[in-house]
Amino acid sequence: MTTDLDQPGFGNNPAAIEVAGIPVDVVRKRIKHIHLAVCPPDGRVRVSAPFRVDDDVVRAVLAARLSWIRRKQAAFRKQARQSRRELVTGESHWFRGNRYRLCVVEAPGKPAARLTRGRRIELRVRPGSDWHARAAALDRWYRSELRAQVPSLLHTWEPRVGREVAEVRIRRMKTLWGSCNPKARRIWLNLELAKKPPRCLEYVLVHEMVHFFERRHDEQFMGRMDALLPHWRSLREELNRAPLTHENWRH
């Protein structure tokens, strides 16, 4: 049986429209206002709109914000981008905001990665392992290292924010650094944050915790962020200026 949520434009199934030559994903949600976002890494435009708002109204909102959309897209195009990662010895890879050289070692045993002297990431894989096996081992290491940073941050920020986090999950996300479910007090973090400076991870975590109180990026949200993390805007800019990597991973 098909429901409205299975149709394009509803739930997690966006409908595609075009305005002034710009492709736009439109998702209908149970919200009161239209929300517009230009998403990294490639500047894809995404609109969340109330069910009652038709496409003509969405197009009018987009037309009024065209200059802003194009500025945001131009900024993403100027960002530093790593070349495609082949996962071979000598490549540069990022970890906690620093660049490391990859050293691939083929040896029997469980695949794993670790930091070694000389600013290197040693990736140990079984002989003959293909790209996917190497990527999986490196991802497991990134995931473990990112998760290890979370407890101390929660210990610091839960009393300051005034709300406990029930669960933190890590996953790859194409357009978001983080997301949350306020009712369940659950936060998702983008795996790519393992590659960014720890202060950027801290900003994303606080950002999502504030969403437990304020759903929208309105004045109330910004007021809470200003009180908790006064320099959050500079951290946001730093995060979005950091070298893009996840669009270069093969799928």
# chains A, B, ... in the order shown; residues from 1 in each chain; ligands from 1
call {"tool": "residues_around", "arguments": {"residues": "region 131-142 of chain A", "least_positions_apart": "6", "cutoff": "10 Å", "atoms": "only C-alpha atoms", "output": "ChimeraX atom specification"}}
result
/A:85-88,95-96,104,110-114,121-125,148,172,191-195,249-251
call {"tool": "residues_around", "arguments": {"residues": "Trp157 (chain A)", "least_positions_apart": "6", "cutoff": "12 Å", "atoms": "only C-alpha atoms", "output": "number ranges by chain"}}
result
A: 150-151, 163-165, 202-210, 228-229
call {"tool": "atom_distance", "arguments": {"atom1": "CA of Glu158 (chain A)", "atom2": "CA of Ser179 (chain A)"}}
result
16.9 Å
call {"tool": "select_by_dssp", "arguments": {"residues": "region 29-165 of chain A", "states": "strand (DSSP E)", "output": "NGL selection string"}}
result
:A and (29 or 35-39 or 44-50 or 92-95 or 98-106 or 112-116 or 120-125)
call {"tool": "select_by_dssp", "arguments": {"residues": "region 27-249 of chain A", "states": "helix (DSSP H, G or I)", "output": "PyMOL selection string"}}
result
chain A and resi 55-64+66-78+131-161+191-195+198-210+219-228+232-241+246-248
call {"tool": "closest_residue", "arguments": {"among": "A:Pro159, A:Gly43, A:Pro127, A:Gly118", "to": "Arg99 (chain A)", "atoms": "only C-alpha atoms"}}
result
A:Gly118
call {"tool": "residues_around", "arguments": {"residues": "Ser234 (chain A)", "least_positions_apart": "4", "cutoff": "10 Å", "atoms": "only C-alpha atoms", "output": "PyMOL selection string"}}
result
chain A and resi 200+203+230+238-240
call {"tool": "atom_distance", "arguments": {"atom1": "CA of Ala49 (chain A)", "atom2": "CA of Arg28 (chain A)"}}
result
4.9 Å
call {"tool": "residues_around", "arguments": {"residues": "Val58 (chain A)", "least_positions_apart": "2", "cutoff": "12 Å", "atoms": "only C-alpha atoms", "output": "MDAnalysis selection string"}}
result
chainID A and resid 15:19 24:28 33:36 46:56 60:65
call {"tool": "atom_distance", "arguments": {"atom1": "CA of Glu91 (chain A)", "atom2": "CA of Lys78 (chain A)"}}
result
22.3 Å
